[in-house]
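Colleague: Just dropping this structure here.
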Amino acid sequence: MSLAELRISCAPELPCRDESAPVETIMPLGEFAEKVFVNLHEFINDEAALKVVQKNFAPDLLLQVNKQPLNFDNFVSTMGGARELFSSLDVETRNTIAVPSDEQGRGGTVSLSASITMKRKSDGFVFLVEVNEIYEITWFQFDQGPGKRLITKVFAVVLSPIDLPV
């Protein structure tokens with residue numbers, strides 16, 4: 001039986017929802033942010049990364065990296081430029097904290113820290129980049145069909161790269 005087919009039963013003294021309605025399953029908010037971060041920074045290729053951006057970030061995204069604002073198009077081109085210069089060897093998230101803005105946990109604020117081990121393509125130089133990000137994630141409910149989460153704001157602090165022994 002799939003999760004969507006599961007029904008919640010309740011005690012007679014408690015109010016119940018319509019048990020014939022499918023249960024909406026949604027990825028936990030913090031897990032969603034981590035997955036987007038890792039998928040975006042794994043640098044698979046431009047096409048795959050663009051799909052991650054288009055699927056998960058609002059077109060009117062408010063983004064600041066080290067206090068410098070970037071619009072959606074700048075964000076896309078910056079990520080593409082990084083993929084041209086570097087390959088990402090390892091992406092690790094940690095200390096993720098999610099604060100939902102609704103009872104279902106569909107939207108809210110997420111803070112995460114990450115370490116990205118990168119390799120410069122031109123000379124093979126390997127280094128570590130430390131990142132701290134705060135996301136505002138908004139749930140958009142549509143008249144027809146399911147709703148959708150979009151990242152609407154990102155505030156990032158990127159620390160200077162640390163040389164790693166090869």
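Here, A, B, ... name the chains of the structure tokens in the order displayed, residue numbers run from 1 inside each chain, and ligands are numbered from 1 in the same displayed order.
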Which neighbours of region 51-59 of chain A fall inside 8 Å, counting only C-alpha atoms, when residues of the same chain fewer than 5 positions from it are skipped, and could you give them as a ChimeraX atom specification?

Modeller: /A:36,39-40,72,76,149-152

Colleague: Taking 2 positions as the minimum chain separation for residues in the same chain, which residues sit within 8 Å of region 129-134 of chain A when counting only C-alpha atoms? Answer as a list in words.

Modeller: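 Counting only the stated atoms, we get Thr109, Val110, Ser111, Leu112, Ser113, Ala114, Ser115, Ile116, Thr117, Met118, Phe127, Glu136, Lys153, Val154, Phe155, Ala156, Val157, Val158, Leu159, Ser160, Pro161 and Ile162 of chain A.
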
Colleague: Could those residues be written to a file, using N, CA and C atoms, as an mmCIF file, in the first residue's frame?

Modeller:
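In the end it all went to again-v4.cif:
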data_model
loop_
_atom_site.group_PDB
_atom_site.id
_atom_site.type_symbol
_atom_site.label_atom_id
_atom_site.label_comp_id
_atom_site.auth_asym_id
_atom_site.auth_seq_id
_atom_site.Cartn_x
_atom_site.Cartn_y
_atom_site.Cartn_z
ATOM 1 N N THR A 109 11.062 28.624 7.111
ATOM 2 C CA THR A 109 12.441 29.088 7.035
ATOM 3 C C THR A 109 13.368 27.942 7.389
ATOM 4 N N VAL A 110 14.451 27.818 6.620
ATOM 5 C CA VAL A 110 15.435 26.762 6.863
ATOM 6 C C VAL A 110 16.823 27.377 6.877
ATOM 7 N N SER A 111 17.607 26.980 7.848
ATOM 8 C CA SER A 111 19.010 27.364 7.928
ATOM 9 C C SER A 111 19.832 26.095 7.773
ATOM 10 N N LEU A 112 20.897 26.178 6.984
ATOM 11 C CA LEU A 112 21.795 25.026 6.868
ATOM 12 C C LEU A 112 23.220 25.485 6.675
ATOM 13 N N SER A 113 24.122 24.635 7.085
ATOM 14 C CA SER A 113 25.551 24.833 6.864
ATOM 15 C C SER A 113 26.009 23.717 5.953
ATOM 16 N N ALA A 114 27.044 23.999 5.168
ATOM 17 C CA ALA A 114 27.542 22.976 4.255
ATOM 18 C C ALA A 114 29.026 23.158 4.001
ATOM 19 N N SER A 115 29.654 22.049 3.658
ATOM 20 C CA SER A 115 31.041 22.040 3.205
ATOM 21 C C SER A 115 31.047 21.481 1.798
ATOM 22 N N ILE A 116 31.735 22.168 0.905
ATOM 23 C CA ILE A 116 31.828 21.706 -0.482
ATOM 24 C C ILE A 116 33.307 21.549 -0.810
ATOM 25 N N THR A 117 33.712 20.325 -1.093
ATOM 26 C CA THR A 117 35.075 20.080 -1.541
ATOM 27 C C THR A 117 35.064 20.218 -3.051
ATOM 28 N N MET A 118 35.901 21.130 -3.551
ATOM 29 C CA MET A 118 35.896 21.441 -4.978
ATOM 30 C C MET A 118 37.283 21.260 -5.571
ATOM 31 N N PHE A 127 40.158 22.369 -2.866
ATOM 32 C CA PHE A 127 39.921 23.249 -1.729
ATOM 33 C C PHE A 127 38.526 23.019 -1.157
ATOM 34 N N GLU A 136 13.982 31.083 2.653
ATOM 35 C CA GLU A 136 12.547 31.231 2.903
ATOM 36 C C GLU A 136 11.866 30.413 1.815
ATOM 37 N N LYS A 153 13.520 33.241 -1.075
ATOM 38 C CA LYS A 153 14.607 34.087 -0.582
ATOM 39 C C LYS A 153 15.764 33.200 -0.143
ATOM 40 N N VAL A 154 16.980 33.661 -0.453
ATOM 41 C CA VAL A 154 18.190 32.974 0.011
ATOM 42 C C VAL A 154 19.178 34.035 0.469
ATOM 43 N N PHE A 155 19.680 33.834 1.677
ATOM 44 C CA PHE A 155 20.751 34.673 2.194
ATOM 45 C C PHE A 155 21.917 33.728 2.475
ATOM 46 N N ALA A 156 23.034 33.927 1.768
ATOM 47 C CA ALA A 156 24.164 33.013 1.872
ATOM 48 C C ALA A 156 25.421 33.748 2.318
ATOM 49 N N VAL A 157 26.182 33.054 3.130
ATOM 50 C CA VAL A 157 27.508 33.515 3.517
ATOM 51 C C VAL A 157 28.479 32.433 3.063
ATOM 52 N N VAL A 158 29.385 32.814 2.173
ATOM 53 C CA VAL A 158 30.374 31.886 1.643
ATOM 54 C C VAL A 158 31.731 32.300 2.200
ATOM 55 N N LEU A 159 32.342 31.404 2.967
ATOM 56 C CA LEU A 159 33.639 31.696 3.561
ATOM 57 C C LEU A 159 34.745 31.425 2.563
ATOM 58 N N SER A 160 35.859 32.102 2.703
ATOM 59 C CA SER A 160 36.986 31.937 1.795
ATOM 60 C C SER A 160 37.415 30.482 1.716
ATOM 61 N N PRO A 161 37.811 30.041 0.517
ATOM 62 C CA PRO A 161 38.245 28.648 0.364
ATOM 63 C C PRO A 161 39.445 28.307 1.240
ATOM 64 N N ILE A 162 39.466 27.069 1.683
ATOM 65 C CA ILE A 162 40.559 26.547 2.496
ATOM 66 C C ILE A 162 41.309 25.528 1.647
#

Colleague: I'd like the interatomic distance between CA of Pro100 (chain A) and CA of Phe140 (chain A), to a tenth of an Å.

Modeller: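 Computing it gives 14.3 Å between the two atoms.
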
Colleague: Write down as a ChimeraX atom specification the residues of region 62-163 of chain A whose backbone DSSP state falls under alpha helix (DSSP H).

Modeller: /A:72-85

Colleague: I need the residue nearest Ala82 (chain A) from this list: A:Asn66, A:Asn45, A:Asn95, A:Gln104. Use only C-alpha atoms for the distance.

Modeller: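 Closest residue, counting only C-alpha atoms: A:Asn45.
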
Colleague: From the options A:Leu128, A:Val99, A:Leu50, A:Leu62, which residue's atoms come nearest to Ser87 (chain A), counting only C-alpha atoms?

Modeller: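 When distances to Ser87 (chain A) are compared using only C-alpha atoms, the smallest one comes from A:Leu128.
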
Colleague: Any idea what the distance is between CA of Glu42 (chain A) and CA of Trp139 (chain A)?

Modeller: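 CA of Trp139 (chain A) lies 25.4 Å from CA of Glu42 (chain A).
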